[in-house]
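One file, my_file-v4.cif, is given below (mmCIF, C-alpha atoms and all ligand atoms).
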data_start
loop_
_atom_site.label_atom_id
_atom_site.label_comp_id
_atom_site.auth_asym_id
_atom_site.auth_seq_id
_atom_site.Cartn_x
_atom_site.Cartn_y
_atom_site.Cartn_z
CA MET D 1 65.57 -12.76 -15.56
CA SER D 2 63.36 -10.19 -13.80
CA THR D 3 63.50 -10.21 -10.02
CA THR D 4 61.62 -8.16 -7.44
CA THR D 5 63.31 -7.85 -4.05
CA ILE D 6 61.33 -7.13 -0.87
CA ARG D 7 63.46 -6.36 2.19
CA VAL D 8 61.91 -7.54 5.46
CA HIS D 9 63.14 -5.52 8.45
CA CYS D 10 62.91 -7.32 11.79
CA SER D 11 65.23 -8.89 14.40
CA ARG D 12 67.26 -9.99 11.39
CA ASP D 13 66.71 -8.23 8.04
CA TYR D 14 66.44 -10.41 4.95
CA ASP D 15 65.39 -10.29 1.32
CA VAL D 16 62.51 -12.05 -0.37
CA LEU D 17 63.48 -12.54 -4.03
CA ILE D 18 60.55 -13.03 -6.39
CA GLY D 19 61.01 -13.83 -10.06
CA SER D 20 61.22 -16.26 -12.91
CA GLY D 21 64.10 -18.73 -13.34
CA LEU D 22 65.35 -18.48 -9.75
CA LEU D 23 65.45 -22.24 -9.00
CA GLN D 24 68.37 -22.78 -11.36
CA GLU D 25 70.11 -19.76 -9.79
CA THR D 26 69.81 -21.14 -6.23
CA GLY D 27 73.58 -21.61 -5.72
CA LYS D 28 74.44 -18.04 -6.71
CA LEU D 29 71.53 -16.58 -4.70
CA VAL D 30 72.45 -18.55 -1.57
CA GLU D 31 76.14 -17.74 -1.97
CA GLU D 32 75.28 -14.02 -1.82
CA VAL D 33 74.22 -14.53 1.81
CA HIS D 34 76.22 -17.56 3.02
CA ASN D 35 79.65 -19.09 2.44
CA PRO D 36 79.71 -22.48 0.67
CA CYS D 37 78.91 -25.23 3.18
CA LYS D 38 76.93 -28.43 3.53
CA VAL D 39 73.22 -27.86 2.72
CA ALA D 40 70.40 -30.16 3.80
CA ILE D 41 67.62 -29.67 1.24
CA VAL D 42 64.30 -30.68 2.83
CA SER D 43 61.49 -31.39 0.37
CA ASP D 44 58.41 -33.58 -0.08
CA SER D 45 57.57 -36.43 -2.43
CA ASN D 46 55.57 -34.13 -4.77
CA VAL D 47 58.07 -31.31 -5.10
CA ALA D 48 61.36 -33.24 -4.98
CA PRO D 49 60.87 -35.03 -8.35
CA LEU D 50 60.17 -31.65 -9.99
CA TYR D 51 62.89 -29.38 -8.62
CA LEU D 52 65.32 -31.11 -6.25
CA ASP D 53 67.91 -32.05 -8.90
CA LYS D 54 67.89 -28.54 -10.36
CA VAL D 55 68.38 -26.93 -6.95
CA ALA D 56 71.07 -29.41 -5.86
CA ALA D 57 73.00 -29.00 -9.15
CA SER D 58 72.92 -25.23 -8.82
CA LEU D 59 74.14 -25.40 -5.21
CA SER D 60 76.96 -27.81 -6.19
CA ALA D 61 78.03 -25.53 -9.04
CA ALA D 62 78.38 -22.68 -6.54
CA GLY D 63 80.60 -24.78 -4.23
CA PHE D 64 77.98 -26.01 -1.74
CA THR D 65 77.64 -29.69 -0.75
CA PRO D 66 73.92 -30.56 -0.98
CA VAL D 67 72.34 -33.58 0.70
CA SER D 68 68.59 -34.18 0.62
CA PHE D 69 65.81 -35.36 2.89
CA VAL D 70 62.47 -36.16 1.22
CA PHE D 71 59.31 -36.96 3.22
CA PRO D 72 55.82 -38.08 2.05
CA ALA D 73 53.80 -35.06 0.85
CA GLY D 74 50.83 -33.89 2.91
CA GLU D 75 49.83 -32.20 6.17
CA ALA D 76 49.86 -35.63 7.89
CA SER D 77 53.68 -35.56 7.65
CA LYS D 78 53.96 -32.32 9.62
CA ASN D 79 54.44 -34.18 12.88
CA LEU D 80 57.01 -34.73 15.60
CA SER D 81 58.14 -38.01 14.08
CA VAL D 82 59.08 -36.58 10.65
CA TYR D 83 60.54 -33.52 12.38
CA ALA D 84 62.77 -35.85 14.47
CA ASP D 85 63.75 -37.69 11.27
CA ILE D 86 64.93 -34.38 9.78
CA LEU D 87 67.00 -33.67 12.92
CA ASN D 88 68.49 -37.16 12.82
CA PHE D 89 69.29 -36.75 9.14
CA CYS D 90 71.11 -33.47 9.86
CA ALA D 91 73.07 -35.13 12.66
CA GLU D 92 73.94 -38.19 10.53
CA GLN D 93 75.12 -35.86 7.78
CA ARG D 94 77.19 -34.05 10.43
CA LEU D 95 75.73 -30.63 9.75
CA THR D 96 77.38 -28.06 12.00
CA ARG D 97 76.31 -24.62 13.14
CA THR D 98 77.86 -23.08 10.03
CA ASP D 99 75.83 -25.29 7.67
CA LEU D 100 72.40 -24.62 6.18
CA ILE D 101 68.94 -26.05 5.69
CA VAL D 102 66.99 -25.22 2.52
CA ALA D 103 63.20 -25.71 2.68
CA LEU D 104 62.06 -26.52 -0.88
CA GLY D 105 58.28 -26.83 -1.15
CA GLY D 106 54.97 -25.62 0.24
CA GLY D 107 53.87 -24.61 3.71
CA VAL D 108 54.32 -28.01 5.36
CA THR D 109 57.93 -28.19 4.19
CA GLY D 110 58.71 -24.59 5.10
CA ASP D 111 57.16 -24.77 8.56
CA MET D 112 58.76 -28.10 9.49
CA ALA D 113 62.21 -27.53 7.95
CA GLY D 114 62.19 -24.06 9.51
CA PHE D 115 61.48 -25.55 12.93
CA ALA D 116 64.24 -28.12 12.41
CA ALA D 117 66.60 -25.23 11.60
CA ALA D 118 65.40 -23.26 14.64
CA SER D 119 66.13 -26.16 16.97
CA TYR D 120 68.97 -28.25 15.49
CA LEU D 121 72.14 -27.41 17.47
CA ARG D 122 70.00 -24.67 19.07
CA GLY D 123 69.58 -23.00 15.70
CA ILE D 124 71.23 -23.00 12.28
CA GLU D 125 70.49 -20.77 9.27
CA TYR D 126 67.85 -21.70 6.72
CA VAL D 127 66.59 -20.51 3.37
CA GLN D 128 62.95 -20.70 2.32
CA MET D 129 62.21 -21.74 -1.29
CA PRO D 130 58.39 -21.73 -1.53
CA THR D 131 56.99 -23.57 -4.54
CA SER D 132 53.26 -22.91 -3.91
CA LEU D 133 51.52 -19.54 -4.09
CA LEU D 134 50.17 -20.02 -0.56
CA ALA D 135 53.64 -20.64 0.90
CA ALA D 136 55.13 -17.78 -1.14
CA VAL D 137 52.71 -15.17 0.19
CA ASP D 138 52.27 -16.46 3.73
CA SER D 139 54.27 -19.14 5.54
CA SER D 140 57.69 -18.53 3.94
CA VAL D 141 57.76 -14.93 5.19
CA GLY D 142 57.69 -13.84 8.82
CA GLY D 143 59.64 -16.53 10.63
CA LYS D 144 56.84 -18.65 12.08
CA THR D 145 57.99 -22.29 12.10
CA ALA D 146 55.97 -25.21 13.49
CA VAL D 147 54.84 -28.81 13.54
CA ASP D 148 51.43 -30.22 14.41
CA ILE D 149 50.78 -32.37 17.49
CA PRO D 150 47.71 -34.56 18.08
CA ALA D 151 46.09 -31.75 20.13
CA GLY D 152 46.20 -29.30 17.21
CA LYS D 153 47.92 -27.73 14.23
CA ASN D 154 51.06 -25.62 14.68
CA LEU D 155 50.99 -26.01 18.46
CA VAL D 156 54.78 -26.51 18.68
CA GLY D 157 57.20 -24.19 16.97
CA ALA D 158 59.51 -21.19 17.18
CA PHE D 159 59.98 -17.76 15.69
CA MET D 160 63.06 -17.82 13.50
CA GLN D 161 63.49 -15.63 10.46
CA PRO D 162 65.06 -17.20 7.35
CA LEU D 163 68.35 -16.00 5.88
CA ARG D 164 66.68 -15.39 2.53
CA VAL D 165 63.47 -16.34 0.72
CA ILE D 166 63.83 -17.39 -2.92
CA CYS D 167 60.49 -17.56 -4.73
CA ASP D 168 60.58 -18.80 -8.32
CA ILE D 169 57.18 -17.96 -9.79
CA ASP D 170 57.71 -20.57 -12.55
CA ALA D 171 57.06 -23.22 -9.88
CA PHE D 172 53.40 -22.13 -9.74
CA GLU D 173 52.93 -23.46 -13.30
CA THR D 174 52.80 -27.03 -11.95
CA LEU D 175 50.11 -26.23 -9.34
CA THR D 176 46.57 -27.45 -10.06
CA GLU D 177 43.98 -24.69 -10.60
CA GLU D 178 42.46 -25.53 -7.21
CA VAL D 179 45.78 -25.19 -5.39
CA PHE D 180 46.61 -21.96 -7.24
CA HIS D 181 43.23 -20.47 -6.30
CA ASP D 182 43.75 -21.58 -2.71
CA GLY D 183 46.81 -19.29 -2.59
CA CYS D 184 44.78 -16.49 -4.20
CA ALA D 185 42.54 -16.38 -1.09
CA GLU D 186 45.46 -15.20 1.07
CA CYS D 187 46.41 -12.59 -1.56
CA ILE D 188 42.81 -11.32 -1.63
CA LYS D 189 43.05 -11.13 2.18
CA TYR D 190 46.02 -8.74 1.79
CA GLY D 191 43.91 -6.74 -0.65
CA VAL D 192 41.06 -6.47 1.87
CA LEU D 193 43.57 -5.43 4.55
CA GLU D 194 45.23 -2.63 2.60
CA SER D 195 45.82 -3.05 -1.13
CA PRO D 196 43.41 -1.60 -3.72
CA ARG D 197 45.81 -2.76 -6.46
CA LEU D 198 45.54 -6.41 -5.39
CA LEU D 199 41.74 -6.09 -5.29
CA GLU D 200 41.79 -4.62 -8.81
CA ILE D 201 43.89 -7.53 -10.15
CA PHE D 202 41.68 -10.15 -8.51
CA ALA D 203 38.46 -8.38 -9.53
CA GLU D 204 39.70 -8.54 -13.13
CA GLY D 205 40.68 -12.20 -12.69
CA THR D 206 44.19 -11.47 -13.98
CA ALA D 207 46.29 -12.89 -11.11
CA LYS D 208 48.22 -15.29 -13.37
CA GLU D 209 49.14 -12.56 -15.84
CA ASN D 210 50.35 -10.35 -12.97
CA ILE D 211 51.75 -13.03 -10.70
CA GLU D 212 55.10 -11.38 -9.88
CA GLU D 213 53.30 -8.18 -8.85
CA VAL D 214 50.68 -10.17 -6.89
CA VAL D 215 53.36 -12.00 -4.90
CA ALA D 216 55.40 -8.83 -4.39
CA ILE D 217 52.47 -6.77 -3.04
CA SER D 218 51.32 -9.69 -0.87
CA VAL D 219 54.80 -10.22 0.61
CA GLN D 220 55.24 -6.47 1.17
CA THR D 221 51.86 -6.33 2.92
CA LYS D 222 52.76 -9.26 5.16
CA ALA D 223 56.16 -7.68 5.86
CA ASN D 224 54.44 -4.46 7.00
CA TYR D 225 52.69 -6.38 9.78
CA VAL D 226 55.65 -8.64 10.67
CA GLU D 227 58.02 -5.67 10.92
CA ASN D 228 55.76 -3.98 13.45
CA ASP D 229 54.92 -7.09 15.47
CA GLU D 230 57.43 -9.86 14.77
CA PHE D 231 56.39 -11.96 17.77
CA ASP D 232 52.65 -11.74 17.20
CA THR D 233 51.53 -9.77 20.25
CA GLY D 234 49.26 -7.25 18.53
CA LEU D 235 49.27 -5.82 15.01
CA ARG D 236 50.20 -9.11 13.31
CA ARG D 237 46.75 -10.30 14.38
CA TYR D 238 45.38 -8.42 11.33
CA LEU D 239 46.83 -11.25 9.19
CA ASN D 240 44.17 -13.37 10.86
CA LEU D 241 41.41 -11.74 8.76
CA GLY D 242 38.98 -14.51 7.78
CA HIS D 243 40.92 -17.04 9.86
CA THR D 244 38.84 -17.32 13.07
CA ILE D 245 35.80 -18.60 11.17
CA GLY D 246 38.07 -20.06 8.45
CA HIS D 247 39.93 -22.24 10.99
CA ALA D 248 36.59 -23.26 12.50
CA ILE D 249 35.45 -24.41 9.04
CA GLU D 250 38.75 -26.30 8.53
CA ARG D 251 38.37 -28.07 11.87
CA THR D 252 34.67 -28.84 11.39
CA ALA D 253 35.46 -30.30 7.96
CA ASN D 254 38.19 -32.38 9.59
CA PHE D 255 40.80 -30.66 7.37
CA THR D 256 39.26 -32.04 4.17
CA LEU D 257 38.78 -28.48 2.80
CA MET D 258 41.79 -26.44 1.74
CA HIS D 259 43.04 -23.62 3.98
CA GLY D 260 42.59 -20.75 1.51
CA HIS D 261 39.11 -21.95 0.59
CA CYS D 262 38.12 -21.85 4.28
CA VAL D 263 39.68 -18.39 4.70
CA ALA D 264 37.64 -17.17 1.70
CA ILE D 265 34.40 -18.30 3.38
CA GLY D 266 35.63 -16.88 6.71
CA MET D 267 36.23 -13.46 5.11
CA VAL D 268 32.74 -13.40 3.60
CA MET D 269 31.14 -14.36 6.92
CA ILE D 270 33.02 -11.77 8.97
CA ALA D 271 32.28 -9.06 6.39
CA ARG D 272 28.55 -9.92 6.46
CA ALA D 273 28.58 -10.01 10.28
CA GLY D 274 30.40 -6.65 10.20
CA GLU D 275 27.62 -5.20 8.05
CA GLY D 276 25.08 -6.59 10.54
CA LEU D 277 26.95 -4.89 13.39
CA TYR D 278 27.29 -1.59 11.46
CA LEU D 279 31.09 -1.91 11.51
CA THR D 280 31.37 -2.57 7.79
CA GLU D 281 30.32 -0.36 4.89
CA PRO D 282 27.10 -1.74 3.32
CA GLY D 283 27.81 -3.58 0.06
CA THR D 284 31.31 -4.72 1.12
CA THR D 285 30.26 -8.38 1.37
CA GLU D 286 28.74 -8.36 -2.13
CA LYS D 287 31.91 -6.84 -3.63
CA LEU D 288 34.07 -9.39 -1.81
CA ILE D 289 31.88 -12.27 -2.99
CA ARG D 290 32.24 -11.13 -6.61
CA ILE D 291 36.05 -11.02 -6.29
CA LEU D 292 36.22 -14.47 -4.65
CA GLU D 293 33.88 -16.01 -7.23
CA THR D 294 35.93 -14.53 -10.07
CA ASN D 295 38.85 -16.49 -8.62
CA GLU D 296 36.89 -19.73 -8.21
CA LEU D 297 36.81 -19.55 -4.42
CA PRO D 298 33.85 -20.64 -2.26
CA ILE D 299 31.75 -18.10 -0.38
CA SER D 300 29.64 -20.24 1.97
CA CYS D 301 29.46 -23.57 3.77
CA ASP D 302 26.68 -25.73 5.20
CA PHE D 303 27.97 -26.10 8.78
CA THR D 304 25.69 -25.05 11.63
CA THR D 305 26.49 -22.18 13.97
CA GLU D 306 26.99 -24.68 16.82
CA GLU D 307 29.51 -26.70 14.80
CA LEU D 308 31.46 -23.58 13.80
CA LEU D 309 31.35 -22.19 17.33
CA ASP D 310 32.98 -25.37 18.67
CA GLY D 311 35.72 -25.09 16.04
CA ALA D 312 36.25 -21.38 16.70
CA LEU D 313 36.55 -21.82 20.45
CA ALA D 314 39.47 -24.21 19.92
CA ASP D 315 41.40 -21.36 18.23
CA LYS D 316 44.82 -20.83 19.82
CA LYS D 317 44.55 -17.05 19.25
CA ARG D 318 41.76 -16.79 21.80
CA LYS D 319 42.81 -14.95 24.96
CA GLY D 320 40.80 -16.10 27.99
CA ASP D 321 37.17 -15.07 27.63
CA LEU D 322 37.80 -12.54 24.87
CA ILE D 323 38.36 -13.03 21.16
CA SER D 324 39.65 -10.39 18.76
CA LEU D 325 38.11 -10.49 15.33
CA ILE D 326 39.47 -8.66 12.32
CA VAL D 327 36.58 -7.05 10.46
CA PRO D 328 36.68 -5.13 7.14
CA LYS D 329 35.61 -1.47 7.48
CA HIS D 330 35.46 -1.57 3.70
CA LEU D 331 37.61 -3.34 1.08
CA GLY D 332 41.13 -2.01 1.77
CA GLU D 333 40.83 -1.23 5.49
CA CYS D 334 40.07 -3.38 8.53
CA LEU D 335 39.53 -2.92 12.26
CA THR D 336 39.81 -5.06 15.38
CA HIS D 337 36.57 -5.98 17.13
CA THR D 338 37.13 -7.66 20.51
CA VAL D 339 34.14 -9.48 21.96
CA PRO D 340 33.45 -11.90 24.82
CA VAL D 341 33.53 -15.46 23.45
CA THR D 342 29.89 -15.74 24.49
CA GLU D 343 29.04 -13.36 21.59
CA LEU D 344 30.83 -15.41 18.96
CA GLY D 345 27.77 -17.56 18.20
CA THR D 346 25.73 -14.42 17.40
CA ILE D 347 28.51 -13.17 15.12
CA ILE D 348 28.72 -16.50 13.29
CA ASP D 349 24.92 -16.40 12.90
CA LEU D 350 25.11 -12.89 11.46
CA GLY D 351 27.77 -14.12 9.05
CA LYS D 352 25.54 -16.77 7.53
CA GLU D 353 23.94 -16.18 4.13
CA THR D 354 20.44 -16.26 5.53
CA SER D 355 21.12 -13.27 7.80
CA VAL D 356 21.11 -10.60 5.01
N1 LIG P 401 50.14 -16.54 8.96
C1 LIG P 401 49.97 -15.43 9.81
C2 LIG P 401 51.25 -14.94 10.40
O1 LIG P 401 52.32 -15.24 9.91
O2 LIG P 401 51.20 -14.23 11.37
#
Structure translated into structure tokens:
Amino acid sequence: MSTTTIRVHCSRDYDVLIGSGLLQETGKLVEEVHNPCKVAIVSDSNVAPLYLDKVAASLSAAGFTPVSFVFPAGEASKNLSVYADILNFCAEQRLTRTDLIVALGGGVTGDMAGFAAASYLRGIEYVQMPTSLLAAVDSSVGGKTAVDIPAGKNLVGAFMQPLRVICDIDAFETLTEEVFHDGCAECIKYGVLESPRLLEIFAEGTAKENIEEVVAISVQTKANYVENDEFDTGLRRYLNLGHTIGHAIERTANFTLMHGHCVAIGMVMIARAGEGLYLTEPGTTEKLIRILETNELPISCDFTTEELLDGALADKKRKGDLISLIVPKHLGECLTHTVPVTELGTIIDLGKETSV
């Protein structure tokens, strides 16, 4: 069993373990950081049939007492009602402050179970076990927990770092190609931010063959930003590369397009706009497009500037009349470009295919 360990240093240091065969080792890996106790495993209806028994058996063998809460898979479940059901379940199972929650699944599970852990009894420990590439390289690391409310996604939540992150790369084998590639978009984002090695792997189209390294570099890159700005007041904003326009595309499409796919288009558009504004090295957009296409990710959408502008203005990262955009200088280095929101329409226009 090969395992890569990334240590995340913040208000509470913790390890992200990345490797093959970790699901069946859950009990031992949790016992290294927590005494045997009752464990509420939170999972969804897609992931539970695949891995819940394995994880529960491993926890039992290590002396833990697992109980499980399974909710219907999908973003629609990430709401206050299911969140309250998780809290009720924990209370009915008489979990105390010395017990644990394990989030077994993708981003919806991790965000919602993490928020339940952050708030139940004013906070109990939790372990993230991401089973999708997207969750492994983004939401499971960094301590952002949340649920959606009717007014918007992730509008209610808390910062709470997990006790440990256990990422079994074997779980990615059951992802569809489309879902796997969706996760690749966030990894390519880390490449554009600062990793030539990630860009090399994705340019060659060899992410699957190098998946442990891909996850490890991605998690280390995310950790670099989280460690310097745990509570998202400055530097962590760089993780938003491709997300301002990407979120606008997601909203305009009424969340029918996948997150990573929208981020891929958002990265292309901001790179092209950057070239138009002389902030980005000429040719950067073309190189990025080739990498995204090699990984079966989209590079454009048909929405109008007006539609995207509406979506972008709803972004919760906007501060008053200014918006900070993360723009590639070239592939491997980015900068912050803060503009009045009134200029956003021009930037979106510049980002469209027809502008070059
Ligand atoms: N997903 C971006 C962040 O964790 O800050």
Computed interatomic separation between atom CA of D:Phe64 and atom CA of D:Tyr51 (Å): 16.9 Å
Go through chain D and flag each residue having an atom no more than 7 Å from ligand LIG 401 (chain P); for those, report the closest pair of atoms plus their distance in Å to one decimal, using all atoms listed in the file, ordered by chain and rising number, as a Markdown table.
| residue | atom | partner | partner_atom | distance |
| --- | --- | --- | --- | --- |
| D:Asp138 | CA | P:LIG401 | N1 | 5.6 |
| D:Ser139 | CA | P:LIG401 | N1 | 6.0 |
| D:Gly142 | CA | P:LIG401 | O1 | 5.7 |
| D:Lys144 | CA | P:LIG401 | O1 | 6.1 |
| D:Asp232 | CA | P:LIG401 | O2 | 6.5 |
| D:Arg236 | CA | P:LIG401 | O2 | 5.6 |
| D:Arg237 | CA | P:LIG401 | O2 | 6.7 |
| D:Leu239 | CA | P:LIG401 | C1 | 5.3 |
| D:Asn240 | CA | P:LIG401 | C1 | 6.2 |
Contacts of stretch 331-343 of chain D at 8 Å or less, counting only C-alpha atoms, minus same-chain residues fewer than 2 places along, as a PDB file with C-alpha atoms, in the frame of the given file?
ATOM      1  CA  GLY D 191      43.910  -6.740  -0.650  1.00  0.00           C
ATOM      2  CA  VAL D 192      41.060  -6.470   1.870  1.00  0.00           C
ATOM      3  CA  LEU D 193      43.570  -5.430   4.550  1.00  0.00           C
ATOM      4  CA  GLU D 194      45.230  -2.630   2.600  1.00  0.00           C
ATOM      5  CA  SER D 195      45.820  -3.050  -1.130  1.00  0.00           C
ATOM      6  CA  PRO D 196      43.410  -1.600  -3.720  1.00  0.00           C
ATOM      7  CA  TYR D 238      45.380  -8.420  11.330  1.00  0.00           C
ATOM      8  CA  THR D 284      31.310  -4.720   1.120  1.00  0.00           C
ATOM      9  CA  LEU D 288      34.070  -9.390  -1.810  1.00  0.00           C
ATOM     10  CA  LEU D 313      36.550 -21.820  20.450  1.00  0.00           C
ATOM     11  CA  ASP D 321      37.170 -15.070  27.630  1.00  0.00           C
ATOM     12  CA  LEU D 322      37.800 -12.540  24.870  1.00  0.00           C
ATOM     13  CA  ILE D 323      38.360 -13.030  21.160  1.00  0.00           C
ATOM     14  CA  SER D 324      39.650 -10.390  18.760  1.00  0.00           C
ATOM     15  CA  LEU D 325      38.110 -10.490  15.330  1.00  0.00           C
ATOM     16  CA  ILE D 326      39.470  -8.660  12.320  1.00  0.00           C
ATOM     17  CA  VAL D 327      36.580  -7.050  10.460  1.00  0.00           C
ATOM     18  CA  PRO D 328      36.680  -5.130   7.140  1.00  0.00           C
ATOM     19  CA  LYS D 329      35.610  -1.470   7.480  1.00  0.00           C
ATOM     20  CA  GLY D 345      27.770 -17.560  18.200  1.00  0.00           C
ATOM     21  CA  THR D 346      25.730 -14.420  17.400  1.00  0.00           C
ATOM     22  CA  ILE D 347      28.510 -13.170  15.120  1.00  0.00           C
TER      23      ILE D 347
END
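Among the candidates D:Glu25, D:Asp349, D:Glu209, D:Glu125, the residue lying nearest to D:Gln161 is D:Glu125 (atoms considered: only C-alpha atoms).
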All residues 10 Å or closer to D:Pro150, only C-alpha atoms, same chain fewer than 4 positions away omitted, as a VMD selection string: chain D and resid 79 to 80 155
Shell around stretch 4-18 of chain D at 8 Å using all atoms listed in the file, local window under 5 positions removed, as a ChimeraX atom specification: /D:141,161-169,212,215-216,219-220,223,226-227,230
How about completing stretch 239-257 of chain D with N, CA and C atoms and giving it to me as an mmCIF file, in the coordinates of the input?
data_model
loop_
_atom_site.group_PDB
_atom_site.id
_atom_site.type_symbol
_atom_site.label_atom_id
_atom_site.label_comp_id
_atom_site.auth_asym_id
_atom_site.auth_seq_id
_atom_site.Cartn_x
_atom_site.Cartn_y
_atom_site.Cartn_z
ATOM 1 N N LEU D 239 46.636 -10.201 10.214
ATOM 2 C CA LEU D 239 46.830 -11.250 9.190
ATOM 3 C C LEU D 239 45.831 -12.383 9.395
ATOM 4 N N ASN D 240 45.150 -12.341 10.513
ATOM 5 C CA ASN D 240 44.170 -13.370 10.860
ATOM 6 C C ASN D 240 42.786 -13.084 10.238
ATOM 7 N N LEU D 241 42.695 -12.035 9.411
ATOM 8 C CA LEU D 241 41.410 -11.740 8.760
ATOM 9 C C LEU D 241 40.857 -13.001 8.070
ATOM 10 N N GLY D 242 39.635 -13.339 8.398
ATOM 11 C CA GLY D 242 38.980 -14.510 7.780
ATOM 12 C C GLY D 242 39.384 -15.827 8.410
ATOM 13 N N HIS D 243 40.359 -15.789 9.345
ATOM 14 C CA HIS D 243 40.920 -17.040 9.860
ATOM 15 C C HIS D 243 40.169 -17.605 11.063
ATOM 16 N N THR D 244 39.523 -16.754 11.888
ATOM 17 C CA THR D 244 38.840 -17.320 13.070
ATOM 18 C C THR D 244 37.727 -18.256 12.590
ATOM 19 N N ILE D 245 36.869 -17.738 11.702
ATOM 20 C CA ILE D 245 35.800 -18.600 11.170
ATOM 21 C C ILE D 245 36.407 -19.595 10.172
ATOM 22 N N GLY D 246 37.416 -19.159 9.423
ATOM 23 C CA GLY D 246 38.070 -20.060 8.450
ATOM 24 C C GLY D 246 38.659 -21.292 9.139
ATOM 25 N N HIS D 247 39.374 -21.090 10.247
ATOM 26 C CA HIS D 247 39.930 -22.240 10.990
ATOM 27 C C HIS D 247 38.814 -23.122 11.524
ATOM 28 N N ALA D 248 37.723 -22.472 11.973
ATOM 29 C CA ALA D 248 36.590 -23.260 12.500
ATOM 30 C C ALA D 248 36.023 -24.153 11.387
ATOM 31 N N ILE D 249 35.943 -23.613 10.175
ATOM 32 C CA ILE D 249 35.450 -24.410 9.040
ATOM 33 C C ILE D 249 36.424 -25.567 8.766
ATOM 34 N N GLU D 250 37.737 -25.247 8.775
ATOM 35 C CA GLU D 250 38.750 -26.300 8.530
ATOM 36 C C GLU D 250 38.604 -27.434 9.543
ATOM 37 N N ARG D 251 38.484 -27.056 10.822
ATOM 38 C CA ARG D 251 38.370 -28.070 11.870
ATOM 39 C C ARG D 251 37.085 -28.877 11.726
ATOM 40 N N THR D 252 35.964 -28.144 11.485
ATOM 41 C CA THR D 252 34.670 -28.840 11.390
ATOM 42 C C THR D 252 34.678 -29.804 10.206
ATOM 43 N N ALA D 253 35.381 -29.428 9.146
ATOM 44 C CA ALA D 253 35.460 -30.300 7.960
ATOM 45 C C ALA D 253 36.551 -31.351 8.122
ATOM 46 N N ASN D 254 37.122 -31.418 9.316
ATOM 47 C CA ASN D 254 38.190 -32.380 9.590
ATOM 48 C C ASN D 254 39.365 -32.235 8.610
ATOM 49 N N PHE D 255 39.671 -30.995 8.241
ATOM 50 C CA PHE D 255 40.800 -30.660 7.370
ATOM 51 C C PHE D 255 40.692 -31.293 5.983
ATOM 52 N N THR D 256 39.443 -31.523 5.531
ATOM 53 C CA THR D 256 39.260 -32.040 4.170
ATOM 54 C C THR D 256 39.107 -30.883 3.174
ATOM 55 N N LEU D 257 38.859 -29.658 3.684
ATOM 56 C CA LEU D 257 38.780 -28.480 2.800
ATOM 57 C C LEU D 257 40.106 -27.745 2.870
#
